[in-house]
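**Student:** Shown below is the structure under consideration.
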Amino acid sequence: MIITRKSLNRRTFLRGAGSAVALPFLDAMAPALTAAAAPPVRMGFVYVPNGIDMRNWNPSYEGALGELPRILKPMEPFRQDITLLSNLTHNGGRALLDGAGDHGRCCGGYLSGVQVRKTMVDIKAGISCDQIVANDIGQKTRFPSLEVGLEDARQAGDCDSGYSCAYTNNLAWRGDAQPLPPVLDPRALFERLFGDGANLSPAQKALRSKQRRSILDFVSGDTKALQANLGPTDKRKLDEYLSSIRDIERQLLKAENDNAQVNPGMDKPYGVPADFAEHFKLMTDMMTVAFQADLTRVMTFLVTREGTSRAYREIGIADGHHPLTHHRNEPDMMEKVAQINTYHVTQFAAWMEKMKSLREGDGSLLDNSMIVYGAGLSDGNRHTHEDLPTMLVGRGGKHLGGGIKAGRRIVYRKETPMSNLFLTMMDRMGTRVDHFGDATGRLEGLDLA
Amino acid sequence: MQFIGSKPSVGVLYDGALGYRIDAALGLAVLYGLDAKNECRVVSLSVPTNNLHAAGFTELLGRFYAGAVSGSFGAIGRTLPVGMATGKPMEDSPMLKAVLGNPAYSHGINHLNDTADPRAMLRNALTAQHDQNALVVLAGPATNLANLLDLPGAKPWIKDKVKLLALVPDTADLPALRKVITEWPSPIVVVPDGGNFPGAAIEKDFAWSKAHPVVDAYRAARPMPYDAPAAALAAVLAAVRPESGLFQYSPAGALSISEKGEITVAGSGPHRLLRLDPAQQEKLVATYVELASMKPVPRVPRFRRPQVDAVKP
């Protein structure tokens with residue numbers, strides 16, 4: 001730990017045997033920072049599959065957000081943090097000349113703006129915008145990017161009409177043929193973030209395992225030393241932060257205990273909670289900590305894989321998600337799709353609540369973030385690739401021109417490329433590229449100009 | 001890219017001063033006539049003028065001929081988006097006032113965001129065509145095509161996809177015309193004159209429809225009776241039926257454009273000028289009338305395999 005001139009280095013870690021816990025942005029760090037070192041901007045992408053029931057997604061108006069449609073209702077408390085974007089198009093998701101396989105195309109090229117190659121072998125997509133940013137600024141954080149998901153999925157084989165499962169099951173692509181599979185197991189994510197004790201002695205490892213001790217126990221010495229040098233506000237912030245890590249550990253232990261007792265033979269990683277909402281919360285809690293402690297500034301979250309037939313018995317839906325989306329306008333099936341869509345947004349809203357509750361600089365962690373929640377299909381029944389459901393949450397850094405003016409719906413011209421949004425977001429991350437995907441320019445109303 | 005099934009008929013991107021040039025409306029009618037005969041597919045519609053009513057008129061024509069089910073842009077159950085240039089706004093023309101004021105017709109364009117960004121739309125339409133299986137017909141200012149040329153990566157797409165650009169010179173946007181003449185990467189046929197479309201046909205051959213937007217536009221464009229210039233119709237025919245024998249052409253060469261916008265061909269190159277053939281005059285007019293006055297053909301939505309089981313667990 002390095003404390004100089006009564007200020008705290010931004011890269012301070014609490015260290016203990018085999019463990020290192022990064023710190024959130026504290027007021028004590030500010031004196032050491034110039035204006036250029038204002039809170040960092042984070043970008044995240046949350047992808048839901050099989051399109052959205054657009055009748056219950058798009059408001060009937062544009063401009064200032066009033067009452068939100070049914071699926072977005074859970075986001076009501078954050079209405080002023082939302083920018084709803086309409087008419088964005090992914091041309092590369094369309095068949096063009098490649099026939100069936102909309103699910104494979106729409107996810108595989110979602111963050112790169114390209115049309116992926118129709119193949120099960122020599123896959124070819126494009127570098128995704130999150131990875132372009134990660135390549136540019138990733139050296140500033142411990143992890144250039146994080147890729148997480150909730151559904152176990154294979155990486156090879158045919159997942160849609162001749163499209164490799166690599167396309168439907170990954171969101172982030174480091175290069176044309178290098179997908180970055182999402183981490184599904186909360187324990188694996190936790191250990192990635194805070195260390196797996198690889199540097200512990202065998203005796204320490206045994207003790208840690210036996211006692212199920214908290215990672216915080218190993219860094220308690222540094223914690224106490226730091227607390228002695230912090231003001232009351234920072235002390236409270238640090239307490240809240242460390243408590244959130246402890247909560248995550250408790251959730252992990254609970255999930256592992258439940259799995260051991262309820263279904264030891266379950267076909268998923270040991271630490272994955274059986275309950276979807278719990279799993280969602282656990283992963284997003286860790287992403288919050290990762291953003292808060294500046295462990296990474298770039299994140300992709302594939303909620304479930306494109307084309308998934310997962311059932312949602314948690315909310316009384318035994319039918320598979322994908323078959324339901326091909327509802328042929330049958331009201332009962334359409335209703336279930338809307339329920340699933342709303343259920344996803346409900347989980348997402350809980351995460352946004354957490355992000356908004358964390359103070360950072362003169363705003364919140366959410367103010368310094370841009371989280372896109374969206375899908376690569378709009379109408380899942382007809383497989384349409386225009387007017388994609390796209391919700392941008394956060395202001396992308398209040399210090400950057402006052403931040404994104406949220407709380408409104410912007411309807412762009414038809415055929416406006418989704419790549420224009422990503423190009424605009426990359427600008428806000430400080431990553432300037434001339435061309436990206438099929439972009440025709442920046443998105444008016446979100447750009448830095 | 002893989003080719004699935006047989007190659008479809010040629011896709012036509014039509015960009016014209018609809019609402020301002022009556023030949024642009026007649027040219028689109030001819031194009032839909034050829035589409036009805038499966039000689040081509042209308043895959044993109046755009047106007048080079050900044051006027052929502054012109055875009056609305058274009059969508060209205062699309063609905064009249066193709067119905068609400070175009071199947072283009074990978075979508076079933078919606079009309080083609082209409083690209084519209086931005087720039088200096090244009091006042092409504094008499095024909096726009098006449099047609100859009102008629103409750104017999106409907107369109108869905110009321111705001112800028114009801115129209116498409118023409119650069120993205122033209123590019124996207126091209127990406128959906130087989131190599132050398134697209135045609136572009138320009139019957140108005142070259143604004144949209146010049147902007148398309150500025151789009152990163154557009155020129156290779158154009159070169160690969162577009163077999164021919166049939167261009168009616170319009171000097172309303174001379175810098176854009178100059179850019180297209182000098183930078184367009186595929187062969188061009190310039191159509192300075194297409195003869196005339198007989199006004200008498202408007203009263204006789206279109207009578208099958210109680211309300212016909214092209215007829216209403218024709219009547220409003222000038223005091224009747226009159227024969228309309230037909231350069232846009234000739235451009236459509238030259239593009240879709242290059243072997244029709246209805247026209248004569250200059251030797252192929254390179255195009256040059258004067259300060260005033262006069263286009264000439266000389267030297268070596270793939271471009272040509274279209275010339276009227278007096279011997280074909282009667283046949284040409286009959287072709288114009290036959291195709292422009294054709295009844296719309298109901299479109300059957302494309303068959304799609306049920307997708308329910310397409311994704312394996």
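Starting from 1 in every chain, residues are counted up; chains themselves are A, B, ... following the order of the structure tokens, and ligands are numbered from 1 as listed.
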Considering only strand (DSSP E) as DSSP defines it on the backbone, what residues of region 127-261 of chain B qualify? List them as a VMD selection string.

**Tutor:** chain B and resid 134 to 139 162 to 168 188 to 190 196 to 197 228 to 229 247 to 249 253 to 257

**Student:** List as a list in words the protein and nucleic acid residues near Phe190 (chain A), meaning an atom at most 10 Å away when only C-alpha atoms are counted, but skip any in the same chain fewer than 3 places from it.

**Tutor:**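 Using only C-alpha atoms, the neighbours found are Asp185, Pro186, Arg187, Leu193, Phe194, Gly195, Asp196, Ile245, Ile248, Glu249, Leu252, Leu282, Met283, Met286, Met287 and Ala290 of chain A.
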
**Student:** Report the distance between CA of Gly199 (chain B) and CA of Val42 (chain B) in Å, rounded to one decimal place.

**Tutor:** 25.5 Å

**Student:** Which is closest to chain A among B:Val30, B:Leu291, B:Ala125, B:Met95, if we use only C-alpha atoms?

**Tutor:**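 Selected residue with least distance to chain A: B:Ala125.
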
**Student:** Would you mind listing, for every residue of chain A within 6 Å of chain B, the two atoms forming the shortest contact and the distance between them in Å to one decimal, using only C-alpha atoms, sorted by chain and ascending residue number, as JSON lines?

**Tutor:**
{"residue": "A:Leu96", "atom": "CA", "partner": "B:Ala128", "partner_atom": "CA", "distance": 4.1}
{"residue": "A:Leu97", "atom": "CA", "partner": "B:Ala128", "partner_atom": "CA", "distance": 5.9}
{"residue": "A:Asp98", "atom": "CA", "partner": "B:Gln2", "partner_atom": "CA", "distance": 5.6}
{"residue": "A:Cys159", "atom": "CA", "partner": "B:Val311", "partner_atom": "CA", "distance": 5.2}
{"residue": "A:Asp160", "atom": "CA", "partner": "B:Val311", "partner_atom": "CA", "distance": 4.9}
{"residue": "A:Gly307", "atom": "CA", "partner": "B:Val311", "partner_atom": "CA", "distance": 5.7}
{"residue": "A:Pro323", "atom": "CA", "partner": "B:Val308", "partner_atom": "CA", "distance": 5.0}
{"residue": "A:Tyr412", "atom": "CA", "partner": "B:Asn113", "partner_atom": "CA", "distance": 5.5}
{"residue": "A:Arg413", "atom": "CA", "partner": "B:Asn113", "partner_atom": "CA", "distance": 4.0}
{"residue": "A:Lys414", "atom": "CA", "partner": "B:Ala116", "partner_atom": "CA", "distance": 4.2}
{"residue": "A:Glu415", "atom": "CA", "partner": "B:Ala116", "partner_atom": "CA", "distance": 5.7}

**Student:** Taking the DSSP secondary structure from the backbone, can you list the residues of region 205-414 of chain A that are alpha helix (DSSP H), as a PyMOL selection string?

**Tutor:** chain A and resi 205-211+215-218+220-227+232-262+276-292+321-325+331-357

**Student:** Would you mind telling me which residue in A:Cys129, A:Phe422, A:Leu400, A:Arg428 lies nearest to Ala38 (chain A) when using only C-alpha atoms?

**Tutor:** A:Leu400

**Student:** Distance CA of Ala22 (chain A)-CA of Gln131 (chain A), one decimal place?

**Tutor:**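 If I compute the distance from CA of Ala22 (chain A) to CA of Gln131 (chain A), I get 22.5 Å.
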
**Student:** With only C-alpha atoms as the atoms that count, which of A:Met43, A:Ile82, A:Leu8, A:Leu26 lies nearest to Arg236 (chain A)?

**Tutor:**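 Between A:Met43, A:Ile82, A:Leu8, A:Leu26, the residue approaching Arg236 (chain A) most closely is A:Leu26.
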
**Student:** Which residues are close to Arg142 (chain A), i.e. within 8 Å by only C-alpha atoms, leaving aside same-chain residues fewer than 6 positions away? Reply as an MDAnalysis selection string.

**Tutor:** chainID A and resid 294:296

**Student:** Contacts of Cys106 (chain A) at 9 Å or less, counting only C-alpha atoms, minus same-chain residues fewer than 6 places along, as a list in words?

**Tutor:**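 Selected residues are His90, Gly92, Gly93, Arg94, Gln115, Val116, Tyr167, Thr168, Glu306, Ala375, Gly376, Leu377 and His385 of chain A.
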
**Student:** Can you tell me which residues surround Gln132 (chain B) at a distance of at most 10 Å, considering only C-alpha atoms, apart from same-chain residues fewer than 4 positions away, and format the answer as a ChimeraX atom specification?

**Tutor:** /B:10-11,158-164,186

**Student:** Convert the current residue selection to file output with C-alpha atoms, as a PDB file, in the first residue's frame.

**Tutor:**
ATOM      1  CA  VAL B  10     -31.575  -8.489 -60.737  1.00  0.00           C
ATOM      2  CA  GLY B  11     -32.113  -6.093 -57.816  1.00  0.00           C
ATOM      3  CA  ILE B 158     -20.487  -0.948 -55.662  1.00  0.00           C
ATOM      4  CA  LYS B 159     -17.855  -2.378 -57.965  1.00  0.00           C
ATOM      5  CA  ASP B 160     -18.634  -5.931 -56.926  1.00  0.00           C
ATOM      6  CA  LYS B 161     -22.394  -5.701 -56.912  1.00  0.00           C
ATOM      7  CA  VAL B 162     -23.498  -3.143 -59.483  1.00  0.00           C
ATOM      8  CA  LYS B 163     -23.629  -4.210 -63.070  1.00  0.00           C
ATOM      9  CA  LEU B 164     -24.764  -0.835 -64.356  1.00  0.00           C
ATOM     10  CA  SER B 186     -19.059   0.451 -62.225  1.00  0.00           C
TER      11      SER B 186
END

**Student:** Between CA of Pro192 (chain B) and CA of Glu262 (chain B), what is the spacing in Å?

**Tutor:**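 CA of Pro192 (chain B) lies 9.5 Å from CA of Glu262 (chain B).
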
**Student:** Do you know which residues are at most 7 Å from Asp438 (chain A) counting only C-alpha atoms, after dropping those on the same chain fewer than 3 positions away, and could you put them as a PyMOL selection string?

**Tutor:** chain A and resi 113-114+417+419

**Student:** Residues at most 12 Å from Thr171 (chain B), counting only C-alpha atoms, excluding those fewer than 5 positions away in the same chain, as a list in words?

**Tutor:**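 Here the answer would be Ala139, Gly140, Pro141, Ala142, Thr143, Ala176, Leu177, Arg178, Lys179, Val180, Ile181, Pro192, Ile257, Ser258, Glu259, Lys260, Gly261, Glu262 and Ile263 of chain B.
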
**Student:** Restricting the calculation to only C-alpha atoms, which member of A:Leu72, A:Leu88, A:Met370, A:Met418 is positioned closest to Arg395 (chain A)?

**Tutor:** A:Met370
